[in-house]
$ cat upload-v2.txt   # compact mmCIF, C-alpha atoms
# COMPACT_ATOMS: atom_id res chain seq x y z
CA MET A 1 32.90 -8.18 -5.08
CA LYS A 2 29.17 -7.97 -5.79
CA LYS A 3 28.85 -11.73 -5.30
CA GLU A 4 30.56 -11.46 -1.92
CA GLN A 5 28.23 -8.63 -0.90
CA ALA A 6 25.19 -10.63 -2.01
CA ALA A 7 26.37 -13.68 -0.04
CA ILE A 8 26.95 -11.61 3.11
CA THR A 9 23.55 -9.97 2.73
CA ILE A 10 21.67 -13.25 2.25
CA CYS A 11 23.46 -14.84 5.20
CA SER A 12 22.58 -11.84 7.39
CA TYR A 13 18.92 -12.00 6.32
CA LEU A 14 18.65 -15.74 7.03
CA SER A 15 20.43 -15.31 10.35
CA MET A 16 18.10 -12.54 11.47
CA LEU A 17 15.12 -14.60 10.32
CA SER A 18 16.29 -17.51 12.50
CA TYR A 19 16.45 -15.32 15.59
CA GLY A 20 13.06 -13.73 14.85
CA LEU A 21 11.49 -17.18 14.61
CA THR A 22 13.11 -18.19 17.91
CA VAL A 23 11.90 -15.08 19.73
CA ALA A 24 8.29 -15.41 18.56
CA VAL A 25 7.64 -19.17 18.46
CA VAL A 26 7.46 -19.47 22.23
CA GLY A 27 4.16 -17.55 22.39
CA SER A 28 2.11 -20.41 20.97
CA LEU A 29 4.13 -23.14 22.74
CA LEU A 30 4.39 -21.67 26.24
CA GLY A 31 1.39 -23.56 27.64
CA SER A 32 2.78 -26.90 26.51
CA ILE A 33 6.23 -26.06 27.91
CA GLU A 34 4.67 -25.13 31.26
CA LYS A 35 2.86 -28.47 31.45
CA THR A 36 6.05 -30.40 30.63
CA TYR A 37 8.02 -28.61 33.35
CA HIS A 38 5.14 -28.74 35.88
CA VAL A 39 5.76 -25.17 37.04
CA SER A 40 3.69 -22.01 37.49
CA SER A 41 3.33 -19.22 34.96
CA GLY A 42 5.55 -17.03 37.13
CA ASP A 43 8.31 -19.61 37.06
CA ILE A 44 8.07 -20.07 33.31
CA GLY A 45 8.55 -16.32 32.93
CA LEU A 46 12.13 -16.81 34.10
CA LEU A 47 12.89 -18.12 30.61
CA PHE A 48 12.59 -14.58 29.27
CA THR A 49 14.66 -13.17 32.13
CA LEU A 50 17.53 -15.55 31.33
CA GLN A 51 17.18 -14.87 27.62
CA SER A 52 17.44 -11.12 28.23
CA LEU A 53 20.44 -11.62 30.51
CA GLY A 54 22.28 -13.60 27.84
CA PHE A 55 21.31 -11.02 25.22
CA VAL A 56 22.64 -8.09 27.29
CA LEU A 57 25.94 -9.82 28.03
CA ALA A 58 26.36 -10.68 24.34
CA VAL A 59 25.72 -7.23 22.95
CA LEU A 60 27.89 -5.67 25.63
CA PHE A 61 30.98 -7.55 24.47
CA ALA A 62 30.29 -8.80 20.93
CA GLY A 63 30.85 -5.39 19.35
CA TYR A 64 34.30 -5.21 20.91
CA PHE A 65 35.27 -8.56 19.43
CA VAL A 66 33.79 -7.72 16.02
CA ASP A 67 35.99 -4.63 15.84
CA ARG A 68 39.05 -6.44 17.23
CA LEU A 69 38.75 -9.64 15.16
CA SER A 70 36.34 -9.90 12.22
CA LEU A 71 32.72 -10.67 11.52
CA LYS A 72 33.13 -14.28 10.43
CA PRO A 73 34.38 -16.00 13.62
CA VAL A 74 32.05 -13.97 15.83
CA GLY A 75 29.12 -14.72 13.49
CA ILE A 76 29.88 -18.44 13.53
CA PHE A 77 30.02 -18.37 17.32
CA GLY A 78 26.68 -16.53 17.59
CA GLN A 79 24.78 -18.76 15.16
CA ALA A 80 26.31 -21.90 16.70
CA ALA A 81 25.37 -20.73 20.21
CA LEU A 82 21.79 -20.17 19.06
CA SER A 83 21.73 -23.62 17.43
CA ILE A 84 23.11 -25.37 20.52
CA GLY A 85 20.66 -23.46 22.74
CA LEU A 86 17.73 -24.56 20.58
CA ALA A 87 18.86 -28.20 20.60
CA TRP A 88 19.48 -28.12 24.35
CA PHE A 89 16.08 -26.58 25.04
CA ALA A 90 14.35 -29.12 22.78
CA SER A 91 15.82 -31.95 24.87
CA SER A 92 15.23 -30.35 28.28
CA LYS A 93 12.75 -31.94 30.69
CA ALA A 94 13.03 -29.58 33.68
CA LEU A 95 13.05 -25.82 34.22
CA PRO A 96 16.72 -25.43 35.35
CA THR A 97 17.96 -27.04 32.12
CA GLY A 98 15.53 -24.95 30.10
CA LEU A 99 16.76 -21.75 31.78
CA ALA A 100 20.36 -22.57 30.93
CA ALA A 101 19.38 -23.27 27.32
CA TYR A 102 17.44 -20.03 27.05
CA PHE A 103 20.41 -18.08 28.41
CA LEU A 104 22.46 -19.55 25.56
CA ILE A 105 19.70 -18.68 23.07
CA GLY A 106 19.76 -15.07 24.29
CA LEU A 107 23.56 -15.03 24.12
CA GLY A 108 23.57 -16.30 20.54
CA GLY A 109 20.78 -13.92 19.53
CA GLY A 110 22.62 -10.93 20.97
CA VAL A 111 25.80 -11.81 19.08
CA LEU A 112 23.83 -12.21 15.85
CA GLN A 113 22.22 -8.82 16.29
CA ILE A 114 25.68 -7.25 16.46
CA VAL A 115 27.12 -9.28 13.58
CA THR A 116 24.26 -8.85 11.12
CA ASN A 117 23.77 -5.14 11.80
CA THR A 118 27.52 -4.53 11.54
CA ALA A 119 27.78 -6.59 8.35
CA ILE A 120 24.97 -4.70 6.62
CA ALA A 121 26.12 -1.29 7.88
CA SER A 122 29.67 -2.03 6.67
CA THR A 123 28.57 -3.40 3.29
CA TYR A 124 26.12 -0.62 2.37
CA THR A 125 27.88 2.50 3.61
CA SER A 126 26.02 4.91 1.32
CA ASN A 127 22.48 3.89 2.37
CA ARG A 128 22.78 2.37 5.82
CA ALA A 129 19.37 3.42 7.12
CA SER A 130 17.41 1.82 4.26
CA SER A 131 19.63 -1.29 4.26
CA LEU A 132 19.18 -1.81 8.00
CA ASN A 133 15.42 -1.34 7.61
CA LEU A 134 15.44 -4.20 5.09
CA LEU A 135 17.53 -6.38 7.41
CA HIS A 136 15.07 -5.92 10.26
CA LEU A 137 12.21 -6.68 7.92
CA PHE A 138 13.46 -10.28 8.03
CA PHE A 139 13.48 -10.24 11.83
CA GLY A 140 9.89 -9.00 11.64
CA ILE A 141 8.96 -11.78 9.23
CA GLY A 142 10.35 -14.25 11.74
CA CYS A 143 8.27 -12.66 14.52
CA LEU A 144 5.16 -12.84 12.35
CA THR A 145 5.59 -16.45 11.27
CA GLY A 146 6.95 -17.85 14.54
CA PRO A 147 3.57 -18.11 16.33
CA VAL A 148 1.96 -19.54 13.18
CA PHE A 149 4.74 -22.12 12.89
CA GLY A 150 4.34 -23.14 16.53
CA GLY A 151 0.56 -23.38 16.19
CA LEU A 152 0.84 -25.54 13.07
CA CYS A 153 3.22 -27.88 14.87
CA LEU A 154 0.79 -28.37 17.74
CA GLN A 155 -2.10 -28.77 15.33
CA ASN A 156 -0.21 -31.55 13.56
CA ASN A 157 0.67 -33.31 16.85
CA ILE A 158 4.29 -32.09 16.86
CA GLU A 159 5.15 -31.28 20.47
CA TRP A 160 6.90 -28.05 21.47
CA ASN A 161 10.30 -29.78 21.60
CA GLY A 162 9.77 -30.98 18.04
CA ALA A 163 9.18 -27.38 16.93
CA TYR A 164 12.42 -26.30 18.61
CA SER A 165 14.22 -29.20 16.95
CA ILE A 166 13.09 -27.97 13.54
CA LEU A 167 14.36 -24.47 14.38
CA PHE A 168 17.66 -26.04 15.46
CA VAL A 169 18.07 -27.70 12.06
CA TYR A 170 17.43 -24.41 10.28
CA SER A 171 19.82 -22.50 12.54
CA ALA A 172 22.50 -25.17 12.08
CA LEU A 173 22.22 -24.81 8.29
CA VAL A 174 22.73 -21.06 8.63
CA THR A 175 25.80 -21.76 10.78
CA GLY A 176 27.20 -23.80 7.90
CA LEU A 177 26.52 -20.88 5.58
CA TYR A 178 28.64 -18.63 7.79
CA VAL A 179 31.52 -21.10 7.45
CA PHE A 180 31.57 -21.00 3.65
CA ILE A 181 30.95 -17.28 3.07
CA LYS A 182 33.88 -14.91 2.80
CA PHE A 183 33.42 -11.98 5.13
CA PRO A 184 35.63 -8.86 5.00
CA GLN A 185 38.68 -8.79 7.20
CA LYS A 186 38.73 -6.42 10.14
CA ALA A 187 38.58 -2.86 8.97
CA ARG A 188 41.32 -1.60 11.23
CA GLN A 189 44.71 -2.99 12.04
CA ASP A 190 45.32 -1.36 15.43
CA PRO A 191 43.72 -3.21 18.35
CA ILE A 192 40.75 -1.65 20.12
CA ASN A 193 41.12 -1.03 23.82
CA LEU A 194 38.56 -0.48 26.52
CA ARG A 195 39.58 3.17 26.82
CA GLU A 196 38.44 3.71 23.24
CA LEU A 197 35.20 1.88 24.00
CA GLY A 198 34.71 4.25 26.91
CA ARG A 199 35.37 7.23 24.64
CA VAL A 200 32.59 6.11 22.30
CA PHE A 201 30.21 5.49 25.19
CA MET A 202 30.78 8.87 26.87
CA ASN A 203 30.17 10.81 23.67
CA ARG A 204 27.06 13.03 24.00
CA TYR A 205 25.68 11.70 20.72
CA THR A 206 26.07 8.10 21.91
CA ILE A 207 24.21 8.89 25.14
CA LEU A 208 21.30 10.33 23.16
CA LEU A 209 21.18 7.28 20.87
CA CYS A 210 21.21 4.94 23.88
CA LEU A 211 18.42 6.86 25.60
CA ALA A 212 16.35 6.74 22.42
CA ILE A 213 16.77 2.99 21.99
CA PHE A 214 16.07 2.47 25.72
CA PHE A 215 12.76 4.35 25.42
CA TYR A 216 11.93 2.65 22.14
CA ILE A 217 12.24 -0.92 23.39
CA GLY A 218 10.33 -0.04 26.55
CA VAL A 219 7.32 1.05 24.50
CA GLU A 220 7.55 -1.84 22.04
CA MET A 221 7.98 -4.72 24.48
CA GLY A 222 5.76 -3.21 27.18
CA THR A 223 3.03 -2.90 24.58
CA ASN A 224 3.62 -6.43 23.33
CA SER A 225 3.27 -7.76 26.89
CA TRP A 226 0.22 -5.85 28.13
CA ALA A 227 -1.77 -4.43 25.19
CA ILE A 228 -4.11 -7.43 24.87
CA ILE A 229 -5.18 -7.30 28.52
CA TYR A 230 -5.53 -3.50 28.31
CA MET A 231 -7.78 -3.69 25.24
CA GLU A 232 -9.91 -6.35 26.92
CA LYS A 233 -10.35 -4.50 30.23
CA ASN A 234 -10.36 -0.84 29.17
CA ILE A 235 -11.80 -0.88 25.66
CA GLY A 236 -14.06 -3.93 25.93
CA MET A 237 -12.58 -5.94 23.08
CA SER A 238 -12.92 -9.71 23.09
CA THR A 239 -9.76 -11.76 23.56
CA MET A 240 -9.77 -12.77 19.91
CA THR A 241 -10.19 -9.19 18.69
CA ALA A 242 -7.47 -7.88 21.01
CA SER A 243 -5.13 -10.67 19.93
CA ALA A 244 -5.85 -9.85 16.28
CA MET A 245 -5.03 -6.20 16.96
CA LEU A 246 -1.64 -7.18 18.37
CA SER A 247 -0.99 -9.27 15.26
CA TYR A 248 -1.91 -6.27 13.10
CA PHE A 249 0.46 -4.15 15.21
CA TRP A 250 3.36 -6.50 14.41
CA MET A 251 2.28 -6.74 10.79
CA ALA A 252 2.34 -2.94 10.48
CA LEU A 253 5.68 -2.80 12.27
CA THR A 254 7.11 -5.37 9.86
CA PHE A 255 5.80 -4.14 6.54
CA GLY A 256 6.10 -0.47 7.49
CA ARG A 257 9.81 -0.98 6.96
CA PHE A 258 9.17 -1.08 3.21
CA ILE A 259 7.83 2.47 3.52
CA CYS A 260 10.75 3.49 5.71
CA ILE A 261 13.22 2.09 3.18
CA TYR A 262 11.78 4.58 0.69
CA LEU A 263 11.54 7.46 3.18
CA SER A 264 15.12 6.96 4.37
CA LYS A 265 16.29 7.67 0.82
CA LYS A 266 14.29 10.92 0.69
CA LEU A 267 14.79 12.31 4.20
CA PRO A 268 17.84 12.74 6.46
CA PRO A 269 17.78 9.87 8.98
CA GLN A 270 17.74 12.20 12.00
CA LEU A 271 14.67 14.01 10.62
CA LEU A 272 12.96 10.71 9.81
CA LEU A 273 13.63 9.50 13.37
CA PHE A 274 12.02 12.61 14.87
CA LEU A 275 8.94 12.44 12.62
CA LEU A 276 8.39 8.74 13.33
CA SER A 277 8.77 9.28 17.09
CA LEU A 278 6.39 12.24 17.05
CA GLY A 279 3.83 10.18 15.11
CA ALA A 280 4.12 7.32 17.58
CA THR A 281 3.60 9.64 20.57
CA GLY A 282 0.45 11.14 19.06
CA ALA A 283 -1.00 7.79 18.01
CA TYR A 284 -0.30 6.21 21.42
CA CYS A 285 -2.03 9.12 23.15
CA THR A 286 -5.08 8.60 20.93
CA PHE A 287 -5.05 4.87 21.69
CA LEU A 288 -5.09 5.48 25.45
CA ASN A 289 -7.73 8.23 25.32
CA THR A 290 -10.44 6.42 23.40
CA SER A 291 -12.90 3.68 24.29
CA ASN A 292 -14.09 3.29 20.72
CA THR A 293 -13.00 -0.05 19.27
CA TRP A 294 -12.33 1.27 15.77
CA ALA A 295 -10.44 4.35 16.93
CA ALA A 296 -8.36 2.32 19.38
CA GLY A 297 -7.56 -0.34 16.78
CA ILE A 298 -6.57 2.13 14.05
CA SER A 299 -4.39 4.23 16.36
CA PHE A 300 -2.79 1.12 17.83
CA VAL A 301 -1.87 -0.28 14.42
CA PHE A 302 -0.57 3.15 13.38
CA VAL A 303 1.82 3.05 16.35
CA GLY A 304 3.27 -0.15 14.91
CA LEU A 305 3.51 1.44 11.47
CA VAL A 306 5.54 4.46 12.58
CA PHE A 307 7.59 2.38 15.02
CA SER A 308 8.78 0.23 12.11
CA GLY A 309 11.65 2.49 11.09
CA ILE A 310 12.87 3.77 14.45
CA PHE A 311 15.21 0.95 15.47
CA PRO A 312 17.06 0.55 12.13
CA THR A 313 17.34 4.33 11.79
CA LEU A 314 18.93 4.60 15.23
CA LEU A 315 21.45 1.90 14.32
CA GLY A 316 22.20 3.68 11.05
CA LEU A 317 22.82 6.97 12.87
CA GLY A 318 25.22 5.24 15.24
CA SER A 319 27.11 3.63 12.37
CA ASN A 320 27.36 6.95 10.53
CA LYS A 321 28.72 8.70 13.61
CA PHE A 322 31.32 6.03 14.44
CA PRO A 323 32.19 4.28 11.13
CA GLU A 324 35.57 3.16 12.46
CA THR A 325 34.01 1.25 15.40
CA ILE A 326 30.64 0.09 14.08
CA GLY A 327 30.69 -3.08 16.16
CA SER A 328 31.33 -1.20 19.40
CA ILE A 329 28.66 1.45 18.92
CA THR A 330 26.15 -1.21 17.87
CA GLY A 331 27.04 -3.25 20.95
CA ILE A 332 26.59 -0.27 23.27
CA MET A 333 23.19 0.54 21.77
CA MET A 334 22.04 -3.08 21.85
CA THR A 335 23.02 -3.26 25.53
CA PHE A 336 20.55 -0.50 26.31
CA LEU A 337 18.01 -2.33 24.17
CA GLY A 338 18.40 -5.44 26.34
CA ILE A 339 18.21 -3.46 29.59
CA GLY A 340 15.00 -1.77 28.49
CA PHE A 341 13.58 -5.16 27.52
CA MET A 342 14.20 -6.45 31.03
CA ILE A 343 12.85 -3.41 32.88
CA PHE A 344 9.69 -2.04 31.31
CA PRO A 345 7.40 -5.07 30.77
CA TRP A 346 8.09 -5.90 34.42
CA ALA A 347 7.55 -2.28 35.50
CA VAL A 348 4.12 -2.11 33.86
CA GLY A 349 3.16 -5.29 35.75
CA VAL A 350 4.27 -3.78 39.07
CA ILE A 351 2.28 -0.61 38.39
CA LYS A 352 -0.73 -2.76 37.47
CA ASP A 353 -0.50 -4.61 40.80
CA HIS A 354 -0.18 -1.42 42.90
CA TYR A 355 -2.33 1.03 40.91
CA SER A 356 -3.90 -0.04 37.60
CA LEU A 357 -2.95 -1.24 34.15
CA ASN A 358 -4.14 2.10 32.80
CA HIS A 359 -1.37 3.81 34.81
CA GLY A 360 1.13 1.30 33.46
CA MET A 361 0.15 1.99 29.86
CA TRP A 362 0.53 5.73 30.43
CA LEU A 363 4.08 4.97 31.56
CA LEU A 364 4.65 3.57 28.08
CA TRP A 365 3.24 6.77 26.56
CA THR A 366 5.70 8.75 28.73
CA LEU A 367 8.51 6.64 27.26
CA SER A 368 7.20 7.43 23.77
CA LEU A 369 7.25 11.14 24.63
CA GLY A 370 10.80 10.74 25.95
CA LEU A 371 11.75 9.09 22.66
CA ALA A 372 10.34 12.03 20.68
CA VAL A 373 12.22 14.56 22.83
CA THR A 374 15.45 12.59 22.52
CA ALA A 375 14.99 12.28 18.76
CA PHE A 376 14.61 16.06 18.56
CA LEU A 377 17.85 16.52 20.53
CA ILE A 378 19.59 14.10 18.13
CA PHE A 379 18.27 16.18 15.23
CA LEU A 380 19.66 19.38 16.81
CA GLU A 381 22.99 17.70 17.59
CA THR A 382 23.38 16.59 13.98
CA ARG A 383 22.57 20.08 12.68
CA LYS A 384 25.30 21.53 14.91
CA GLU A 385 27.86 19.22 13.31
CA ASP A 386 26.67 20.12 9.81

$ encode --input "upload-v2.txt" --output "structure tokens"
Amino acid sequence: MKKEQAAITICSYLSMLSYGLTVAVVGSLLGSIEKTYHVSSGDIGLLFTLQSLGFVLAVLFAGYFVDRLSLKPVGIFGQAALSIGLAWFASSKALPTGLAAYFLIGLGGGVLQIVTNTAIASTYTSNRASSLNLLHLFFGIGCLTGPVFGGLCLQNNIEWNGAYSILFVYSALVTGLYVFIKFPQKARQDPINLRELGRVFMNRYTILLCLAIFFYIGVEMGTNSWAIIYMEKNIGMSTMTASAMLSYFWMALTFGRFICIYLSKKLPPQLLLFLLSLGATGAYCTFLNTSNTWAAGISFVFVGLVFSGIFPTLLGLGSNKFPETIGSITGIMMTFLGIGFMIFPWAVGVIKDHYSLNHGMWLLWTLSLGLAVTAFLIFLETRKED
């Protein structure tokens, strides 16, 4: 049994690493892709729109199929879809083909998010929060190493499609791993129906979790999209310094999960969620209210540090609340994650065009405040049940 658990865990880690690499590698390769397609920067941005669309559709339905069938066939489908999308994108020569490939990449990535989170939450029932933190550490490692990998490829005269081909080979190997690993059979014998899915969704606790994850991803991805320009224009950092600060942000977000693994064993997850959200709100306010380079940099990195445990903790709370339908609750939450990803980076850009980037960044602080308030309501809701 322990060997089976170890195999499932390793497969989930490698799978999440593959998606993290895919998400992050495009940053260093985007200029080369744009030149190949002969399109504008606005047009190339459609890649992320199609990726988000595929992601949302996947997480909306993958949880239902995980609960109805089992993890293995859905996991094979997700990893294979990611592999095919990578291969297709590597061979594409025009934007329409690239958009279709990126939709498939988003679809596969969304399925893998559901499968890996469900697999870990189902395997480690007694310490879900810490186990999910460790799982997402591997996604963070992929996000950290993806840009470096892409840059090394270009430095060694490997074109962007060669980099995607290498990622395809790795993803295909992970697909083979899914085939040979024995996953647990479905936990329940009665089929899940859409009425039950609706029951889970309309639960007050579920609504709070979805709001929290919606606010969370808005802050994270809005910051990832606009923080460099903000630090250049409003704080006076050079492009290299601002870029380094964003790298430190992701580094803190990744390795902060080691701290959260420890904290999640010492504190109730709902209390940990509230404390992390409160810390993020305070640090973000400091970041936006200072023009000092050191103060801005330290507060900005601290936001990444406290943000590190929020997402896995939210998933753990959802799994604890609905242990009989882990796939469905994870799918519902990941749907709101994808919607927030599509809305808020775009919204900050619109506010920048009509008002200023400073106003747009304060929108992100408002989302952080909303996250803290929602986390407090989750804490109160859990205390009522206890």

$ closest_residue --input "upload-v2.txt" --among "A:Ala121, A:Leu104, A:Ala283, A:Leu50" --to "Ile8 of chain A" --atoms "all atoms listed in the file"
A:Ala121

$ closest_residue --input "upload-v2.txt" --among "A:Ile120, A:Gly75, A:Ile329, A:Leu208" --to "Phe180 of chain A" --atoms "only C-alpha atoms"
A:Gly75

$ closest_residue --input "upload-v2.txt" --among "A:Ile343, A:Ala81, A:Ala100, A:Ala252" --to "Ile141 of chain A" --atoms "only C-alpha atoms"
A:Ala252

$ residues_around --input "upload-v2.txt" --residues "Lys3 of chain A" --least-positions-apart "6" --cutoff "12 Å" --atoms "all atoms listed in the file" --output "PyMOL selection string"
chain A and resi 9-10+123+181-183

$ residues_around --input "upload-v2.txt" --residues "segment 301-310 of chain A" --least-positions-apart "2" --cutoff "7 Å" --atoms "all atoms listed in the file" --output "list in words"
Asn133, Tyr248, Phe249, Trp250, Ala252, Leu253, Thr254, Gly256, Arg257, Cys260, Leu273, Leu276, Gly279, Ala280, Ala283, Tyr284, Gly297, Ile298, Ser299, Pro312, Thr313 and Leu314 of chain A

$ closest_residue --input "upload-v2.txt" --among "A:Tyr205, A:Trp362, A:Phe258, A:Phe300" --to "Gly318 of chain A" --atoms "all atoms listed in the file"
A:Tyr205

$ decode --input "upload-v2.txt" --residues "segment 92-111 of chain A" --atoms "N, CA and C atoms" --output "short mmCIF file (atom, residue, chain, number, x, y, z; two decimals), in the first residue's frame"
data_model
loop_
_atom_site.label_atom_id
_atom_site.label_comp_id
_atom_site.auth_asym_id
_atom_site.auth_seq_id
_atom_site.Cartn_x
_atom_site.Cartn_y
_atom_site.Cartn_z
N SER A 92 3.52 24.41 -34.94
CA SER A 92 2.65 25.41 -35.55
C SER A 92 3.48 26.53 -36.19
N LYS A 93 2.96 27.06 -37.29
CA LYS A 93 3.64 28.13 -38.02
C LYS A 93 2.79 29.39 -38.12
N ALA A 94 1.55 29.33 -37.66
CA ALA A 94 0.65 30.48 -37.76
C ALA A 94 -0.18 30.58 -36.48
N LEU A 95 -0.69 31.78 -36.20
CA LEU A 95 -1.40 32.03 -34.96
C LEU A 95 -2.65 31.15 -34.77
N PRO A 96 -3.52 30.96 -35.79
CA PRO A 96 -4.71 30.12 -35.55
C PRO A 96 -4.37 28.72 -35.05
N THR A 97 -3.34 28.10 -35.63
CA THR A 97 -2.93 26.77 -35.17
C THR A 97 -2.38 26.84 -33.75
N GLY A 98 -1.61 27.88 -33.47
CA GLY A 98 -1.08 28.05 -32.13
C GLY A 98 -2.17 28.25 -31.09
N LEU A 99 -3.22 28.98 -31.44
CA LEU A 99 -4.34 29.20 -30.52
C LEU A 99 -5.04 27.88 -30.20
N ALA A 100 -5.27 27.08 -31.24
CA ALA A 100 -5.91 25.78 -31.01
C ALA A 100 -5.05 24.90 -30.11
N ALA A 101 -3.74 24.93 -30.32
CA ALA A 101 -2.83 24.13 -29.49
C ALA A 101 -2.83 24.62 -28.05
N TYR A 102 -2.86 25.93 -27.88
CA TYR A 102 -2.84 26.47 -26.52
C TYR A 102 -4.15 26.21 -25.79
N PHE A 103 -5.26 26.14 -26.52
CA PHE A 103 -6.52 25.74 -25.90
C PHE A 103 -6.39 24.32 -25.35
N LEU A 104 -5.76 23.44 -26.12
CA LEU A 104 -5.58 22.05 -25.68
C LEU A 104 -4.61 21.99 -24.50
N ILE A 105 -3.58 22.83 -24.50
CA ILE A 105 -2.66 22.90 -23.36
C ILE A 105 -3.41 23.31 -22.10
N GLY A 106 -4.27 24.34 -22.21
CA GLY A 106 -5.07 24.77 -21.07
C GLY A 106 -6.02 23.70 -20.60
N LEU A 107 -6.62 22.97 -21.56
CA LEU A 107 -7.54 21.88 -21.23
C LEU A 107 -6.81 20.80 -20.44
N GLY A 108 -5.66 20.37 -20.96
CA GLY A 108 -4.89 19.34 -20.28
C GLY A 108 -4.42 19.80 -18.91
N GLY A 109 -3.97 21.05 -18.81
CA GLY A 109 -3.51 21.58 -17.54
C GLY A 109 -4.62 21.64 -16.51
N GLY A 110 -5.82 22.03 -16.92
CA GLY A 110 -6.95 22.07 -16.01
C GLY A 110 -7.31 20.69 -15.48
N VAL A 111 -7.31 19.70 -16.36
CA VAL A 111 -7.60 18.32 -15.93
C VAL A 111 -6.54 17.86 -14.93
#
